[in-house]
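Chemist: Contents of protein07.tsv (TSV, C-alpha atoms) are below:
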chain	number	residue	atom	x	y	z
A	1	MET	CA	-130.95	-10.08	121.33
A	2	LYS	CA	-130.98	-13.15	119.11
A	3	THR	CA	-132.60	-15.13	121.90
A	4	LEU	CA	-135.26	-12.48	122.27
A	5	LEU	CA	-136.03	-12.57	118.54
A	6	ILE	CA	-136.33	-16.35	118.64
A	7	ALA	CA	-138.61	-16.08	121.64
A	8	ILE	CA	-140.79	-13.52	119.86
A	9	PHE	CA	-140.95	-15.76	116.78
A	10	LEU	CA	-141.94	-18.75	118.90
A	11	ILE	CA	-144.65	-16.69	120.59
A	12	LEU	CA	-146.01	-15.27	117.36
A	13	ALA	CA	-145.75	-18.42	115.22
A	14	PRO	CA	-148.96	-20.04	116.53
A	15	VAL	CA	-150.79	-16.73	116.09
A	16	PHE	CA	-149.73	-16.50	112.45
A	17	ALA	CA	-150.47	-20.18	111.91
A	18	ALA	CA	-153.97	-19.72	113.30
A	19	GLN	CA	-154.42	-16.66	111.13
A	20	ALA	CA	-153.30	-18.60	108.06
A	21	GLN	CA	-155.87	-21.29	108.80
A	22	GLN	CA	-158.60	-18.71	109.03
A	23	ASP	CA	-157.78	-17.36	105.62
A	24	SER	CA	-160.48	-19.44	104.02
A	25	ARG	CA	-163.05	-17.55	106.09
A	26	ILE	CA	-164.71	-14.90	103.97
A	27	GLN	CA	-165.91	-11.76	105.63
A	28	MET	CA	-169.49	-11.17	104.49
A	29	THR	CA	-170.45	-8.23	106.67
A	30	ALA	CA	-170.33	-5.98	103.60
A	31	LEU	CA	-173.55	-7.65	102.44
A	32	ASP	CA	-175.49	-7.01	105.63
A	33	HIS	CA	-177.11	-3.83	104.33
A	34	LEU	CA	-178.89	-5.85	101.63
A	35	ALA	CA	-181.08	-7.51	104.25
A	36	ALA	CA	-183.21	-4.36	104.37
A	37	LYS	CA	-184.03	-4.66	100.69
A	38	ALA	CA	-184.44	-8.44	100.62
A	39	SER	CA	-187.76	-10.20	100.81
A	40	GLN	CA	-186.07	-13.22	102.34
A	41	THR	CA	-182.73	-13.53	104.06
A	42	ILE	CA	-180.82	-16.55	105.24
A	43	ASP	CA	-177.90	-15.94	107.56
A	44	VAL	CA	-176.04	-18.96	108.87
A	45	ASN	CA	-172.98	-18.65	111.08
A	46	ILE	CA	-171.52	-21.84	112.49
A	47	ASP	CA	-168.04	-21.57	113.89
A	48	GLU	CA	-165.81	-24.46	114.95
A	49	ARG	CA	-167.27	-24.65	118.44
A	50	LEU	CA	-170.83	-24.91	117.15
A	51	MET	CA	-169.68	-27.39	114.54
A	52	ARG	CA	-168.27	-29.65	117.25
A	53	LEU	CA	-171.42	-29.19	119.29
A	54	ALA	CA	-173.68	-30.00	116.36
A	55	ALA	CA	-171.63	-33.09	115.56
A	56	ARG	CA	-172.48	-34.43	119.02
A	57	VAL	CA	-176.19	-34.57	118.28
A	58	PHE	CA	-175.90	-36.47	115.02
A	59	ASP	CA	-177.25	-39.96	115.32
A	60	ASP	CA	-174.56	-42.49	114.55
A	61	LYS	CA	-177.15	-45.21	114.03
A	62	ASP	CA	-178.66	-43.33	111.12
A	63	GLU	CA	-176.71	-43.82	107.93
A	64	ASP	CA	-177.54	-40.41	106.49
A	65	GLU	CA	-176.60	-38.59	109.67
A	66	ARG	CA	-173.44	-40.61	109.91
A	67	GLU	CA	-172.49	-39.46	106.42
A	68	VAL	CA	-173.14	-35.82	107.24
A	69	LYS	CA	-171.21	-36.16	110.48
A	70	LYS	CA	-168.24	-37.58	108.61
A	71	LEU	CA	-168.41	-34.78	106.10
A	72	VAL	CA	-168.43	-32.01	108.68
A	73	ALA	CA	-166.02	-33.71	111.07
A	74	ASN	CA	-162.98	-31.66	110.08
A	75	LEU	CA	-164.71	-28.45	109.11
A	76	LYS	CA	-163.89	-25.26	110.95
A	77	GLY	CA	-167.01	-23.35	110.06
A	78	VAL	CA	-169.91	-22.89	107.69
A	79	TYR	CA	-171.19	-19.44	106.83
A	80	VAL	CA	-174.04	-18.54	104.52
A	81	LYS	CA	-175.64	-15.31	103.49
A	82	SER	CA	-178.49	-15.51	101.05
A	83	PHE	CA	-180.84	-12.77	99.95
A	84	GLU	CA	-183.90	-13.08	97.77
A	85	PHE	CA	-185.42	-9.95	96.33
A	86	GLU	CA	-188.89	-9.17	95.03
A	87	THR	CA	-187.60	-7.19	92.08
A	88	ALA	CA	-184.44	-7.24	90.04
A	89	GLY	CA	-181.65	-4.72	90.45
A	90	GLN	CA	-181.76	-4.49	94.22
A	91	TYR	CA	-178.05	-4.94	94.50
A	92	ALA	CA	-175.11	-3.79	92.43
A	93	ALA	CA	-171.90	-5.44	91.37
A	94	ALA	CA	-170.11	-3.14	93.79
A	95	ASP	CA	-171.95	-4.82	96.68
A	96	ILE	CA	-170.35	-8.16	95.82
A	97	GLU	CA	-166.94	-6.69	95.10
A	98	PRO	CA	-165.65	-7.13	98.70
A	99	ILE	CA	-166.46	-10.83	98.42
A	100	ARG	CA	-164.84	-11.14	95.01
A	101	THR	CA	-161.76	-9.29	96.24
A	102	GLN	CA	-161.30	-11.89	98.96
A	103	LEU	CA	-161.84	-14.71	96.49
A	104	ARG	CA	-159.16	-13.26	94.25
A	105	GLY	CA	-156.72	-13.62	97.15
A	106	PRO	CA	-153.86	-16.11	97.25
A	107	GLY	CA	-154.82	-19.76	97.42
A	108	TRP	CA	-158.32	-19.34	96.01
A	109	THR	CA	-159.05	-20.94	92.68
A	110	ARG	CA	-162.26	-20.54	90.73
A	111	LEU	CA	-163.21	-24.07	89.90
A	112	VAL	CA	-166.44	-23.45	88.06
A	113	ASN	CA	-168.10	-20.42	86.56
A	114	VAL	CA	-171.52	-21.01	85.06
A	115	THR	CA	-173.51	-18.20	83.49
A	116	SER	CA	-177.06	-18.70	82.35
A	117	LYS	CA	-179.95	-16.38	81.58
A	118	LYS	CA	-182.27	-18.28	83.84
A	119	ASP	CA	-180.09	-18.88	86.86
A	120	GLY	CA	-177.60	-16.05	86.70
A	121	ILE	CA	-173.95	-16.60	87.55
A	122	LEU	CA	-172.81	-19.51	89.66
A	123	GLU	CA	-169.21	-19.68	90.78
A	124	VAL	CA	-167.49	-22.31	92.87
A	125	TYR	CA	-164.15	-21.47	94.47
A	126	LEU	CA	-161.76	-23.72	96.32
A	127	LEU	CA	-158.95	-22.68	98.62
A	128	PHE	CA	-155.91	-24.90	98.28
A	129	ASN	CA	-153.34	-25.30	101.04
A	130	GLY	CA	-150.76	-27.10	98.96
A	131	GLU	CA	-152.64	-30.03	97.52
A	132	GLN	CA	-155.28	-30.06	100.21
A	133	VAL	CA	-158.57	-28.24	99.96
A	134	GLY	CA	-158.69	-25.76	102.83
A	135	GLY	CA	-162.06	-24.19	102.11
A	136	MET	CA	-164.82	-23.65	99.65
A	137	ALA	CA	-166.96	-20.77	98.52
A	138	VAL	CA	-170.03	-20.71	96.34
A	139	LEU	CA	-171.23	-17.43	94.90
A	140	HIS	CA	-174.59	-17.30	93.17
A	141	THR	CA	-175.70	-14.01	91.72
A	142	ASP	CA	-179.00	-13.74	90.00
A	143	ASP	CA	-181.33	-10.83	89.21
A	144	LYS	CA	-183.37	-11.53	92.28
A	145	GLU	CA	-180.99	-13.53	94.38
A	146	LEU	CA	-177.59	-13.28	95.94
A	147	THR	CA	-176.10	-16.21	97.81
A	148	VAL	CA	-172.66	-16.64	99.32
A	149	VAL	CA	-171.69	-19.92	100.93
A	150	ASN	CA	-168.37	-20.26	102.70
A	151	ILE	CA	-167.15	-23.57	104.10
A	152	VAL	CA	-163.98	-23.28	106.16
A	153	GLY	CA	-161.76	-26.31	106.48
A	154	PRO	CA	-160.99	-29.41	104.44
A	155	VAL	CA	-164.18	-30.09	102.54
A	156	ASP	CA	-164.84	-33.07	100.31
A	157	VAL	CA	-166.76	-31.49	97.44
A	158	ASP	CA	-167.68	-34.81	95.85
A	159	LYS	CA	-169.06	-36.12	99.10
A	160	LEU	CA	-170.94	-32.89	99.63
A	161	ALA	CA	-172.50	-33.11	96.19
A	162	ARG	CA	-173.47	-36.72	96.89
A	163	LEU	CA	-175.49	-35.62	99.93
A	164	GLU	CA	-178.26	-34.39	97.67
A	165	GLY	CA	-181.48	-36.23	98.30
A	166	GLN	CA	-180.34	-37.42	101.70
A	167	PHE	CA	-181.29	-36.23	105.14
A	168	GLY	CA	-183.86	-33.71	104.01
A	169	ILE	CA	-181.57	-32.31	101.40
A	170	PRO	CA	-183.91	-31.94	98.47
A	171	ASP	CA	-183.33	-34.26	95.61
A	172	LEU	CA	-183.43	-31.91	92.68
A	173	GLY	CA	-182.66	-34.87	90.50
A	174	LEU	CA	-183.23	-34.79	86.86
A	175	GLY	CA	-186.45	-36.73	87.11
A	176	SER	CA	-187.95	-34.17	89.47
A	177	PRO	CA	-191.38	-33.15	88.13
A	178	LYS	CA	-190.99	-29.56	89.35
A	179	LYS	CA	-187.75	-29.11	87.55
A	180	THR	CA	-189.02	-30.82	84.44
A	181	LYS	CA	-192.07	-28.59	84.38
A	182	ASN	CA	-189.91	-25.51	84.59
A	183	ASP	CA	-187.66	-26.71	81.90
A	184	ASP	CA	-190.63	-27.41	79.71
A	185	GLU	CA	-192.05	-23.97	80.33
A	186	LYS	CA	-188.78	-22.49	79.44
B	1	MET	CA	-74.37	-6.26	152.66
B	2	ASN	CA	-76.48	-4.36	155.05
B	3	ASP	CA	-79.76	-5.91	156.07
B	4	ASP	CA	-81.09	-2.49	157.00
B	5	TYR	CA	-81.97	-1.91	153.40
B	6	LEU	CA	-84.39	-4.78	153.46
B	7	TRP	CA	-85.82	-3.52	156.74
B	8	ASP	CA	-86.21	0.22	156.17
B	9	LYS	CA	-84.44	0.96	152.85
B	10	SER	CA	-81.46	2.52	154.61
B	11	GLY	CA	-77.86	1.71	153.93
B	12	GLN	CA	-76.26	0.25	150.82
B	13	PRO	CA	-78.66	-1.80	148.65
B	14	ASP	CA	-77.62	-5.07	147.17
B	15	PRO	CA	-77.61	-4.95	143.31
B	16	GLN	CA	-79.60	-8.16	143.08
B	17	ILE	CA	-82.18	-6.74	145.46
B	18	GLN	CA	-82.32	-3.62	143.35
B	19	GLN	CA	-82.81	-5.69	140.22
B	20	LEU	CA	-85.59	-7.65	141.86
B	21	GLU	CA	-87.15	-4.38	142.99
B	22	GLU	CA	-87.14	-3.11	139.43
B	23	ILE	CA	-88.71	-6.29	138.08
B	24	LEU	CA	-91.38	-6.58	140.74
B	25	GLY	CA	-91.90	-2.82	140.91
B	26	THR	CA	-94.23	-2.95	137.96
B	27	LEU	CA	-96.60	-5.04	140.04
B	28	ARG	CA	-96.55	-2.59	142.88
B	29	TYR	CA	-99.91	-1.52	144.29
B	30	GLN	CA	-101.12	1.61	142.64
B	31	PRO	CA	-104.02	3.38	144.29
B	32	ARG	CA	-107.03	3.82	141.99
B	33	PRO	CA	-110.84	3.82	142.41
B	34	LEU	CA	-112.49	0.46	142.68
B	35	ALA	CA	-113.86	-0.51	139.28
B	36	LEU	CA	-116.92	-2.65	139.90
B	37	PRO	CA	-118.35	-4.52	136.87
B	38	GLN	CA	-121.20	-2.47	135.39
B	39	LYS	CA	-124.63	-4.00	135.86
B	40	ARG	CA	-126.30	-4.73	132.48
B	41	ASN	CA	-129.46	-2.76	131.88
B	42	TYR	CA	-132.23	-5.18	130.99
B	43	PHE	CA	-134.97	-2.58	131.17
B	44	PRO	CA	-135.40	-1.97	127.41
B	45	LEU	CA	-135.55	-5.71	126.70
B	46	LEU	CA	-138.04	-6.27	129.48
B	47	ALA	CA	-140.09	-3.33	128.23
B	48	ILE	CA	-140.17	-4.79	124.71
B	49	ALA	CA	-141.09	-8.24	125.98
B	50	ALA	CA	-143.84	-6.80	128.19
B	51	SER	CA	-145.20	-4.74	125.29
B	52	LEU	CA	-145.27	-7.81	123.06
B	53	LEU	CA	-147.02	-9.87	125.69
B	54	LEU	CA	-149.56	-7.12	126.25
B	55	ALA	CA	-150.13	-6.82	122.51
B	56	LEU	CA	-150.61	-10.59	122.24
B	57	LEU	CA	-152.98	-10.57	125.19
B	58	ALA	CA	-154.96	-7.68	123.72
B	59	GLY	CA	-155.04	-9.43	120.34
B	60	GLY	CA	-156.24	-12.64	121.92
B	61	ILE	CA	-158.98	-10.86	123.84
B	62	TRP	CA	-160.02	-8.98	120.71
B	63	LEU	CA	-160.20	-12.17	118.65
B	64	ARG	CA	-162.21	-13.88	121.37
B	65	VAL	CA	-164.63	-10.99	121.68
B	66	ARG	CA	-164.98	-10.80	117.92
B	67	SER	CA	-165.69	-14.51	117.60
B	68	ARG	CA	-168.22	-14.26	120.44
B	69	ASP	CA	-169.94	-11.38	118.69
B	70	GLU	CA	-170.26	-13.45	115.56
B	71	ALA	CA	-171.01	-16.78	117.21
B	72	PRO	CA	-174.26	-15.97	119.05
B	73	LYS	CA	-176.25	-16.13	115.84
B	74	LEU	CA	-177.33	-19.62	116.75
B	75	GLN	CA	-180.50	-19.60	114.78
B	76	ALA	CA	-180.45	-19.15	111.07
B	77	GLN	CA	-181.94	-15.78	110.40
B	78	VAL	CA	-184.54	-16.51	107.82
B	79	THR	CA	-186.54	-13.41	107.10
B	80	THR	CA	-189.72	-14.08	105.23
B	81	PRO	CA	-191.78	-11.60	103.26
B	82	THR	CA	-194.75	-9.76	104.80
B	83	PRO	CA	-198.27	-11.18	104.26
B	84	GLU	CA	-198.89	-8.62	101.49
B	85	GLN	CA	-195.80	-9.80	99.76
B	86	ASN	CA	-196.86	-13.41	100.16
B	87	THR	CA	-200.20	-12.84	98.49
B	88	ALA	CA	-198.61	-11.12	95.55
B	89	PRO	CA	-198.09	-13.34	92.52
B	90	LYS	CA	-194.58	-14.57	92.53
B	91	ALA	CA	-192.39	-15.12	89.56
B	92	PRO	CA	-191.77	-18.78	88.77
B	93	GLU	CA	-188.44	-19.01	90.57
B	94	ILE	CA	-188.74	-22.66	91.40
B	95	GLY	CA	-185.09	-23.21	90.78
B	96	SER	CA	-184.24	-20.54	93.30
B	97	ALA	CA	-182.12	-21.57	96.25
B	98	LEU	CA	-184.63	-20.27	98.76
B	99	ASN	CA	-187.72	-22.19	97.74
B	100	PRO	CA	-189.87	-23.78	100.47
B	101	PRO	CA	-188.62	-27.38	100.17
B	102	LEU	CA	-185.18	-26.12	100.99
B	103	LEU	CA	-186.30	-24.56	104.22
B	104	ALA	CA	-188.49	-27.47	105.18
B	105	PRO	CA	-186.47	-30.65	105.52
B	106	LYS	CA	-188.22	-33.85	104.50
B	107	ARG	CA	-187.59	-35.52	107.80
B	108	ILE	CA	-185.99	-34.53	111.03
B	109	HIS	CA	-184.03	-37.07	113.00
B	110	LYS	CA	-184.17	-36.81	116.72
B	111	PRO	CA	-180.80	-37.31	118.35
B	112	ARG	CA	-180.70	-40.22	120.71
B	113	SER	CA	-177.51	-41.33	122.34
B	114	ALA	CA	-174.98	-38.51	122.21
B	115	SER	CA	-177.43	-35.72	122.92
B	116	SER	CA	-178.68	-37.33	126.10
B	117	VAL	CA	-175.23	-36.87	127.60
B	118	LEU	CA	-175.30	-33.12	127.02
B	119	PRO	CA	-176.84	-30.73	129.49
B	120	ARG	CA	-180.22	-29.42	128.40
B	121	ARG	CA	-179.09	-25.94	127.47
B	122	GLU	CA	-176.08	-27.23	125.57
B	123	ARG	CA	-178.25	-29.79	123.83
B	124	GLU	CA	-180.66	-27.11	122.67
B	125	GLU	CA	-177.73	-25.10	121.36
B	126	ALA	CA	-176.39	-28.18	119.61
B	127	LEU	CA	-179.73	-28.92	118.00
B	128	MET	CA	-180.03	-25.37	116.75
B	129	ALA	CA	-176.51	-25.53	115.39
B	130	LYS	CA	-177.36	-28.79	113.68
B	131	GLU	CA	-180.44	-27.25	112.08
B	132	GLN	CA	-178.36	-24.33	110.85
B	133	LEU	CA	-175.74	-26.68	109.55
B	134	MET	CA	-178.30	-28.73	107.66
B	135	LEU	CA	-179.82	-25.59	106.18
B	136	ALA	CA	-176.39	-24.48	105.02
B	137	LEU	CA	-175.62	-27.91	103.58
B	138	ARG	CA	-178.95	-28.05	101.79
B	139	LEU	CA	-178.31	-24.69	100.21
B	140	THR	CA	-174.76	-25.66	99.26
B	141	THR	CA	-175.73	-28.99	97.73
B	142	GLN	CA	-178.50	-27.30	95.81
B	143	LYS	CA	-176.05	-24.81	94.35
B	144	LEU	CA	-173.60	-27.58	93.54
B	145	HIS	CA	-176.36	-29.53	91.87
B	146	LEU	CA	-177.26	-26.50	89.80
B	147	VAL	CA	-173.64	-26.20	88.75
B	148	HIS	CA	-173.61	-29.89	87.92
B	149	THR	CA	-176.71	-29.68	85.76
B	150	LYS	CA	-175.46	-26.59	83.98
B	151	THR	CA	-172.09	-28.09	83.23
B	152	GLN	CA	-173.54	-31.35	81.89
B	153	PRO	CA	-176.42	-30.27	79.63
B	154	ASN	CA	-176.33	-33.30	77.33
B	155	GLN	CA	-176.59	-35.71	80.19
B	156	ILE	CA	-179.59	-33.81	81.52
B	157	LYS	CA	-181.45	-34.00	78.24
B	158	ASN	CA	-180.83	-37.71	77.97
B	159	GLN	CA	-181.95	-38.35	81.52
B	160	HIS	CA	-185.08	-36.29	80.94
B	161	ARG	CA	-185.95	-38.53	78.06
B	162	VAL	CA	-185.45	-41.60	80.19
B	163	GLY	CA	-187.45	-40.05	83.06
Go ahead and render the structure in this file as structure tokens.
Modeler:
Amino acid sequence: MKTLLIAIFLILAPVFAAQAQQDSRIQMTALDHLAAKASQTIDVNIDERLMRLAARVFDDKDEDEREVKKLVANLKGVYVKSFEFETAGQYAAADIEPIRTQLRGPGWTRLVNVTSKKDGILEVYLLFNGEQVGGMAVLHTDDKELTVVNIVGPVDVDKLARLEGQFGIPDLGLGSPKKTKNDDEK
Amino acid sequence: MNDDYLWDKSGQPDPQIQQLEEILGTLRYQPRPLALPQKRNYFPLLAIAASLLLALLAGGIWLRVRSRDEAPKLQAQVTTPTPEQNTAPKAPEIGSALNPPLLAPKRIHKPRSASSVLPRREREEALMAKEQLMLALRLTTQKLHLVHTKTQPNQIKNQHRVG
């Protein structure tokens, strides 16, 4: 009987290990119904297989692409759901609750929580597996916008932030005229 | 001593023979049914193991099917407003994550070496995945930048002055 139990444990161990690794994946299907109300929706689902596939078409000769390739090399998936609404109040706090519930789970730590009248609430969560970052989530809730970003796998947040302005990633730098104009208007 | 006793138990027995008979008599054959060792019943264990294997198999298939259901969304689903909505005056949400520059990368690099090795269909899939990935990264970096600017207001003001 003891042998059987050991055998069962050995069989199930990889399953549980795989499950534990997937813990940084946030289920966002609860937000799907908001697409009907949204004026613009972005839905990105890249699992590990697509990540590997995408990595194969990055150009190693290009410095920017090389950087991005390095950044995504160990990632297991990238998932985004973003909704933009014409008018405010198209979604309720209850709609985001399933996401928040998952982010309150073990391992997740809210790194940043920024609240502003202009840009709403911005939260950055990291999932720690020991001392290693096992995933990241960004939750942006505004009157007319709801965005959830979920990066599964060991992500280098600093490196990710440094990508701004590279490879078509818009440089929203502080000298940006658009941003300055807005700030002035405000 | 009469040897007949040893032959057919007749006549006068020898005391030593009698003593030996008594000692060895305990080992005398005693008729009883043949007790074969009982065969161990492995059926319950095999049933449990089979059930576990079936459950694992079913779980594996379910996970695979689920991941396939989620994976086919190769292209980022970007739903844009209707023409009527486009003509309507829009609130100045320049800082929004979904503004046009975000969806329109500044430059697109064509893959050269690695992609040529891939079959055409796989290459197309890879390129779409790459586009999705870049869109997701753009959105993420934009949000992170917003967090950065909000958490360092003094620095922003100073840099604005310099700019």
Chemist: Pick the closest to chain B from A:Ile96, A:Trp108, A:Val114, A:Leu75: which is it, counting only C-alpha atoms?
Modeler: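 Of A:Ile96, A:Trp108, A:Val114, A:Leu75, the one nearest chain B is A:Val114, counting only C-alpha atoms.
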Chemist: If we count only C-alpha atoms, what is near Leu144 of chain B at a cut-off of 10 Å, once residues fewer than 2 positions away on the same chain are taken out, given as a VMD selection string?
Modeler: (chain A and resid 112 122 to 124 138 157 to 158 160 to 162 164) or (chain B and resid 138 to 142 146 to 150)
Chemist: Extract, using all atoms listed in the file, all DNA, RNA and protein residues at most 12 Å from Gly130 of chain A, discarding same-chain residues fewer than 6 positions from it, and format them as a count of residues only.
Modeler: 4
Chemist: Between A:Asn129, A:Asn74, A:Gln40, A:Thr109, which has the minimum distance to chain B (counting all atoms listed in the file)?
Modeler: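 Nearest to chain B: A:Gln40.
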Chemist: Do you know which residues are at most 12 Å from Lys37 of chain A counting only C-alpha atoms, after dropping those on the same chain fewer than 3 positions away, and could you put them as a VMD selection string?
Modeler: (chain A and resid 31 to 34 40 to 41 83 to 91 144 to 146) or (chain B and resid 79 to 81)
Chemist: Please report the interatomic distance between atom CA of Asn45 of chain A and atom CA of Thr115 of chain A in Å with one decimal.
Modeler: 27.6 Å
Chemist: So what do you get for atom CA of Val133 of chain A versus atom CA of Val148 of chain A, distance-wise?
Modeler: 18.3 Å
Chemist: Calculate, to one decimal in Å, the centre and edge lengths of the box along x, y and z of the file that holds all listed atoms of segment 135-141 of chain A with 3 Å of margin on each side, and present them as JSON.
Modeler:
{"center_x": -168.9, "center_y": -19.1, "center_z": 96.9, "size_x": 19.6, "size_y": 16.2, "size_z": 16.4}
Chemist: Pick out the residues sitting within 7 Å of segment 97-99 of chain A, and hand them over as a PyMOL selection string; count only C-alpha atoms, and ignore anything fewer than 3 positions along from it in its own chain.
Modeler: chain A and resi 28+30+93-94+102-103
Chemist: Could you check how far atom CA of Asp62 of chain A sits from atom CA of Ile46 of chain A, in Å to one decimal?
Modeler: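 Straight-line distance from atom CA of Asp62 of chain A to atom CA of Ile46 of chain A works out to 22.7 Å.
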Chemist: From the list A:Asp119, A:Asp60, A:Glu48, A:Asp43, which residue is nearest Val72 of chain A when using only C-alpha atoms?
Modeler: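 Closest to Val72 of chain A, using only C-alpha atoms: A:Glu48.
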Chemist: Need the shell around Val152 of chain A: protein/DNA/RNA residues with any atom at most 9 Å away, counting all atoms listed in the file. Skip same-chain ones fewer than 3 positions apart. Format as a PyMOL selection string?
Modeler: chain A and resi 21-26+47+75-79+134-137+155
Chemist: Calculated over all atoms listed in the file, which of the candidates B:Arg121, B:Lys130, B:Lys39, B:Arg28 has the smallest distance to chain A?
Modeler: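 Of B:Arg121, B:Lys130, B:Lys39, B:Arg28, the one nearest chain A, counting all atoms listed in the file, is B:Lys130.
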